[in-house]
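Enquirer: Mind having a look at this structure? Questions to follow.
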Protein chains: 2
Amino acid sequence: MISPAEYEARLERARAMMRSQELDAIVVTAEANLRYFTGHAPHMYVSPTRPWFAVLPLAAEPVALIPGMGRADMARDCWFSRIETWPSPRPRDEGVTALARLLLDSPRRFGRIGFELGPETRLGMPAADFLRLLELMKPALTAVDCSSILRTLRAIKSDAEVKLIRTAIDAAQAAFDDVPKLARTGMTEHELYRAFQVRLLTAGAERVPYVAIGSGFGGYDSIVRGPTSRKLGRGDILGIDTGATVSGYWADFNRNYALGEPQAAAVAAYRTLWRAQDAALAALRPGMTANQLWRVMAEQVGLDGTAVGRMGHGIGLDYTEPPSNHPDDATVLEAGMVLTLEPSLVYRAEDETGPVERFMALEEDLLLTADGPCLLTRRAPPELVVIADA
Amino acid sequence: MISPAEYEARLERARAMMRSQELDAIVVTAEANLRYFTGHAPHMYVSPTRPWFAVLPLAAEPVALIPGMGRADMARDCWFSRIETWPSPRPRDEGVTALARLLLDSPRRFGRIGFELGPETRLGMPAADFLRLLELMKPALTAVDCSSILRTLRAIKSDAEVKLIRTAIDAAQAAFDDVPKLARTGMTEHELYRAFQVRLLTAGAERVPYVAIGSGFGGYDSIVRGPTSRKLGRGDILGIDTGATVSGYWADFNRNYALGEPQAAAVAAYRTLWRAQDAALAALRPGMTANQLWRVMAEQVGLDGTAVGRMGHGIGLDYTEPPSNHPDDATVLEAGMVLTLEPSLVYRAEDETGPVERFMALEEDLLLTADGPCLLTRRAPPELVVIADA
């Protein structure tokens with residue numbers, strides 16, 4: 001669990017950056033950011049009816065401004081002493097004037113308020129309400145992007161955060177270990193998908209917000225899809241990616257399996273991906289940039305092999321977080337970051353119609369330490385796993 | 001499954017409203033709206049890295065504008081013939097200029113483009129990117145809210161949609177039926193939570209994005225929370241609410257259980273909620289408004305008993321959809337709407353410390369037909385279920 005002291009330290013680090021960016025407060029609305037600062041993540045984020053706000057002033061107490069129905073849960077989990085509510089739903093004023101008043105009443109030095117506006121953010125409120133808030137804040141306060149503060153803070157994981165990610169990873173590992181028992185030719189992707197989700201839960205995942213599955217003769221063609229009614233058959237390559245959480249912290253890695261003897265091209269593709277990770281693990285040190293890490297892997301798989309556009313990313317309270325292992329991302333990798341290594345490539349297999357393009361990815365999760373990478377996943381074997389009796 | 005003809009009909013109905021609201025196109029970005037129009041819901045919505053757009057012009061073909069990695073899946077599921085991509089991630093231009101170009105190149109009559117801006121919407125792209133898009137659209141095009149079109153379209157369910165909701169409900173019903181076997185004193189909420197999710201999946205739910213659980217001696221105090229490490233005990237009231245989906249369509253209803261003999265106040269609270277639903281089922285007819293339906297229930301539970309702020313809502317591709325059974329919502333209820341009846345109240349129980357406030361809700365899902373309500377859930381029994389041997 002995350003301690004109250006850690007939550008206070010998060011706020012203090014945020015305030016140091018707010019000071020240097022000349023912000024009087026930041027307002028967070030996204031589920032991951034609300035949880036990061038308050039310690040509470042309302043389950044009701046699956047409903048777009050009600051927004052949830054945390055206001056973090058530079059020079060005053062933090063405030064959770066939330067729908068009335070959420071008070072008991074927020075009070076139980078959140079270390080803030082100020083929790084304010086409005087009667088919701090109230091679509092004509094869904095917390096907007098209350099938020100404006102709170103910001104206008106807070107200590108003012110710079111006249112600037114930070115919001116989640118930049119890359120890889122989503123505002124957790126209707127856009128029209130945000131535009132109205134800007135009007136209500138005028139002329140005293142202007143809104144600026146604070147996503148760099150959130151990105152910087154959240155990128156470096158504490159020991160407690162790593163422990164939660166590890167717990168999610170261990171559950172996923174146990175579920176992957178059982179796939180050779182669960183996957184049988186003749187069953188549909190849907191059936192395996194259900195069985196795998198069940199196994200994730202019984203192995204210790206709290207929730208299973210994401211599982212992707214792909215299968216196909218000679219290989220699959222997507223690692224981000226839901227299940228279909230396709231039946232698994234001999235000669236298939238099966239890929240499963242997850243997607244399990246513990247206290248909001250994600251595991252994200254995948255595994256590949258051959259159902260019966262695989263085609264040589266699939267075996268070779270897998271070896272290439274494994275070698276690319278090997279090269280990345282050998283090269284990775286704090287101070288390296290995300291695009292340097294990308295290049296180490298890309299040189300192994302071929303520079304045009306970036307079918308998903310990047311070769312890994314951060315994980316934490318979001319399923320994917322900055323940075324991206326991508327040629328355009330010059331983020332300096334630091335000790336304390338939790339990253340995935342996810343090389344992928346397109347290869348040519350054969351089905352009954354002739355040559356076909358197939359896709360493969362291989363993903364591991366690691367903690368970057370001062371000494372280099374520490375794998376959080378138990379690394380996939382160097383050769384494609386064959387389920388001979390599937 | 002939803003037929004291609006139904007997707008085409010959705011677009012045609014949208015176009016009729018676009019014409020009357022003088023819109024050249026609408027752009028959707030939220031998962032439920034993307035699925036509603038394209039037939040495809042990218043699993044990657046759990047990641048904030050990449051946005052997904054569907055552009056629905058009044059006088060040209062619809063276009064899915066998506067990250068390159070999504071092409072294979074979109075092409076498989078979506079009935080559009082135009083699928084365009086950009087290489088993503090690319091945070092400096094995450095589809096924004098491509099979207100602007102597409103809109104500027106589309107047939108123009110009114111110079112107005114509809115976006116998801118209004119109540120109970122979330123834009124599925126970073127706010128800064130949306131503001132930049134508005135600049136790129138100037139002066140030819142202005143952005144206006146189209147949420148009323150989306151709300152109107154999605155509120156009336158087709159037979160195929162009702163069938164998917166029913167399938168999700170049937171899975172949840174089977175899981176609820178098993179709670180008397182699953183729930184035992186001495187187990188934690190976490191343990192029951194896992195077992196219940198497993199049961200939902202084995203009973204036919206495809207995914208379980210939401211389960212809330214509450215327990216407490218004499219009653220629980222929240223129906224929207226995740227599990228805690230609290231151990232179930234004799235004298236508890238247990239409430240579980242779900243939260244299961246099939247092809248993106250939601251079931252949302254709850255059930256209450258007493259572990260051993262309940263306090264009289266809990267028994268009475270339950271009877272009151274059941275009677276409130278009875279009154280609502282008797283009164284509900286097309287043409288009634290959502291606030292009239294609220295009043296029928298509120299009169300039974302006491303007008304101040306609205307602990308969650310409303311007494312039910314629409315369901316469909318979102319866990320909660322308009323309308324709200326709320327005093328301020330004058331939406332006319334029409335045949336084809338799928339609604340929940342969710343009266344709730346606060347009552348006074350006793351624990352070892354003396355009198356305590358407890359909370360109870362009871363929820364059913366129904367299809368409104370020309371003749372009145374048709375329950376989709378098997379209605380909860382009129383008396384609180386007692387698990388005598390828990």
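Each chain in the structure tokens gets a letter, A, B and so on, in the order shown; residues start at 1 in every chain, and ligands are counted from 1 in the order they appear.
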Using only C-alpha atoms, find which residues of chain A lie within 7 Å of chain B and jot them down as a ChimeraX atom specification.

Expert: /A:42-44,46-49,69,72-73,87-89,91,117-128,194,198,201-202,206,209,222,224-226,307-309,318-320

Enquirer: For Lys163 in chain B, find every residue with an atom within 12 Å (counting only C-alpha atoms), except residues of its own chain fewer than 6 positions away, and show them as a list in words.

Expert: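 With the cut-off at 12 Å, the set is Met1, Ile2, Lys157, Ile169, Asp170, Val246, Ser247, Tyr249, Trp250, Ala251, Gly316, Val338, Leu367 and Leu376 of chain B.
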
Enquirer: With N, CA and C atoms retained, write the just-selected residues as a compact mmCIF listing (two decimals), in the first residue's frame.

Expert:
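And here's again01.txt as it stands now:
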```txt
# COMPACT_ATOMS: atom_id res chain seq x y z
N MET B 1 -25.63 -9.96 -32.84
CA MET B 1 -24.72 -9.03 -33.52
C MET B 1 -25.52 -7.93 -34.22
N ILE B 2 -24.83 -6.81 -34.41
CA ILE B 2 -25.46 -5.67 -35.08
C ILE B 2 -25.18 -5.81 -36.58
N LYS B 157 -33.03 1.75 -28.30
CA LYS B 157 -32.28 0.53 -28.63
C LYS B 157 -33.03 -0.31 -29.66
N ILE B 169 -27.08 -9.25 -19.02
CA ILE B 169 -27.93 -9.35 -17.83
C ILE B 169 -28.05 -10.81 -17.38
N ASP B 170 -28.24 -11.71 -18.34
CA ASP B 170 -28.39 -13.13 -17.98
C ASP B 170 -27.14 -13.65 -17.27
N VAL B 246 -21.25 -7.45 -22.85
CA VAL B 246 -21.21 -8.37 -23.98
C VAL B 246 -21.21 -7.51 -25.24
N SER B 247 -20.18 -7.66 -26.07
CA SER B 247 -20.02 -6.81 -27.26
C SER B 247 -20.18 -5.33 -26.92
N TYR B 249 -22.04 -3.91 -24.70
CA TYR B 249 -23.32 -3.55 -24.09
C TYR B 249 -23.37 -4.02 -22.64
N TRP B 250 -23.88 -3.13 -21.80
CA TRP B 250 -23.79 -3.31 -20.34
C TRP B 250 -25.06 -3.87 -19.72
N ALA B 251 -24.86 -4.69 -18.70
CA ALA B 251 -25.86 -4.93 -17.67
C ALA B 251 -25.49 -4.03 -16.51
N GLY B 316 -26.59 1.04 -21.98
CA GLY B 316 -26.37 0.65 -23.37
C GLY B 316 -24.89 0.43 -23.58
N VAL B 338 -33.83 1.56 -22.80
CA VAL B 338 -33.49 0.59 -21.76
C VAL B 338 -33.04 1.39 -20.54
N LEU B 367 -36.76 -2.77 -20.44
CA LEU B 367 -36.99 -2.19 -21.76
C LEU B 367 -38.36 -1.54 -21.72
N LEU B 376 -35.98 -6.75 -17.96
CA LEU B 376 -34.92 -7.57 -18.55
C LEU B 376 -34.23 -8.40 -17.48
```

Enquirer: Residues of range 80-299 of chain B classed as strand (DSSP E) by DSSP on the backbone are to be reported as JSON, numbers by chain.

Expert: {"B": [82, 83, 84, 85, 86, 112, 113, 114, 115, 142, 143, 144, 145, 207, 208, 209, 210, 211, 212, 213, 214, 215, 216, 217, 236, 237, 238, 239, 240, 241, 242, 243, 244, 245, 246, 249, 250, 251, 252, 253, 254, 255, 256, 257, 258, 259]}

Enquirer: Counting only C-alpha atoms, figure out which residue out of B:Ala361, B:Ala330, B:Ala14, B:Leu192 gets nearest to Gly312 in chain B.

Expert: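 Looking only at the distances to Gly312 in chain B, the closest residue turns out to be B:Ala361.
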
Enquirer: Rounded to one decimal in Å, what is the spacing between CA of Ala258 in chain A and CA of Glu363 in chain A?

Expert: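 Between CA of Ala258 in chain A and CA of Glu363 in chain A the gap is 16.6 Å.
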
Enquirer: Could you jot down the CA of Glu31 in chain B to CA of Glu342 in chain B separation for me, Å, one decimal place?

Expert: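 One can read the CA of Glu31 in chain B to CA of Glu342 in chain B distance as 25.4 Å.
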
Enquirer: Hey, what does DSSP flag as helix (DSSP H, G or I) within range 121-327 of chain B? Can you give it to me as a ChimeraX atom specification?

Expert: /B:127-137,147-155,159-182,189-202,264-283,290-301

Enquirer: Please identify all polymer residues within 12 Å of Leu303 in chain A, counting only C-alpha atoms, omitting same-chain residues fewer than 4 positions from it, and present them as a PyMOL selection string.

Expert: chain A and resi 276+294-299+307+309-311+326-327+343-346

Enquirer: Considering only C-alpha atoms, can you say which of A:Pro180, A:Gly302, A:Gly287, A:Pro381 comes closest to Leu368 in chain A?

Expert: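 The answer is A:Gly287, which sits nearest to Leu368 in chain A.
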
Enquirer: Can you tell me, as a PyMOL selection string, what residues are no more than 10 Å from Ala160 in chain A when counting only C-alpha atoms, ignoring any on the same chain fewer than 4 positions away?

Expert: chain A and resi 1-3+6+164-166

Enquirer: Dump N, CA, C and O atoms for the selected residues as a PDB file, in the first residue's frame?

Expert:
```pdb
ATOM      1  N   MET A   1       0.845  -1.204   0.000  1.00  0.00           N
ATOM      2  CA  MET A   1       0.000   0.000   0.000  1.00  0.00           C
ATOM      3  C   MET A   1       0.884   1.260   0.000  1.00  0.00           C
ATOM      4  O   MET A   1       2.025   1.228   0.435  1.00  0.00           O
ATOM      5  N   ILE A   2       0.287   2.334  -0.480  1.00  0.00           N
ATOM      6  CA  ILE A   2       0.996   3.612  -0.522  1.00  0.00           C
ATOM      7  C   ILE A   2       0.750   4.324   0.818  1.00  0.00           C
ATOM      8  O   ILE A   2      -0.396   4.467   1.242  1.00  0.00           O
ATOM      9  N   SER A   3       1.788   4.795   1.458  1.00  0.00           N
ATOM     10  CA  SER A   3       1.642   5.420   2.778  1.00  0.00           C
ATOM     11  C   SER A   3       1.193   6.875   2.649  1.00  0.00           C
ATOM     12  O   SER A   3       1.436   7.531   1.631  1.00  0.00           O
ATOM     13  N   GLU A   6       3.928   9.089   1.630  1.00  0.00           N
ATOM     14  CA  GLU A   6       4.257   9.099   0.199  1.00  0.00           C
ATOM     15  C   GLU A   6       3.313  10.035  -0.572  1.00  0.00           C
ATOM     16  O   GLU A   6       3.750  10.766  -1.463  1.00  0.00           O
ATOM     17  N   LEU A 164       3.369  -3.024  -6.004  1.00  0.00           N
ATOM     18  CA  LEU A 164       2.028  -3.257  -6.541  1.00  0.00           C
ATOM     19  C   LEU A 164       2.098  -3.735  -8.002  1.00  0.00           C
ATOM     20  O   LEU A 164       1.356  -4.638  -8.404  1.00  0.00           O
ATOM     21  N   ILE A 165       2.985  -3.122  -8.780  1.00  0.00           N
ATOM     22  CA  ILE A 165       3.153  -3.572 -10.171  1.00  0.00           C
ATOM     23  C   ILE A 165       3.620  -5.028 -10.196  1.00  0.00           C
ATOM     24  O   ILE A 165       3.128  -5.851 -10.979  1.00  0.00           O
ATOM     25  N   ARG A 166       4.568  -5.362  -9.310  1.00  0.00           N
ATOM     26  CA  ARG A 166       5.058  -6.742  -9.215  1.00  0.00           C
ATOM     27  C   ARG A 166       3.924  -7.713  -8.887  1.00  0.00           C
ATOM     28  O   ARG A 166       3.870  -8.828  -9.429  1.00  0.00           O
TER      29      ARG A 166
END
```

Enquirer: What's the separation between CA of Asp159 in chain B and CA of Ala380 in chain B, in Å to one decimal place?

Expert: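 Interatomic distance, CA of Asp159 in chain B to CA of Ala380 in chain B: 24.4 Å.
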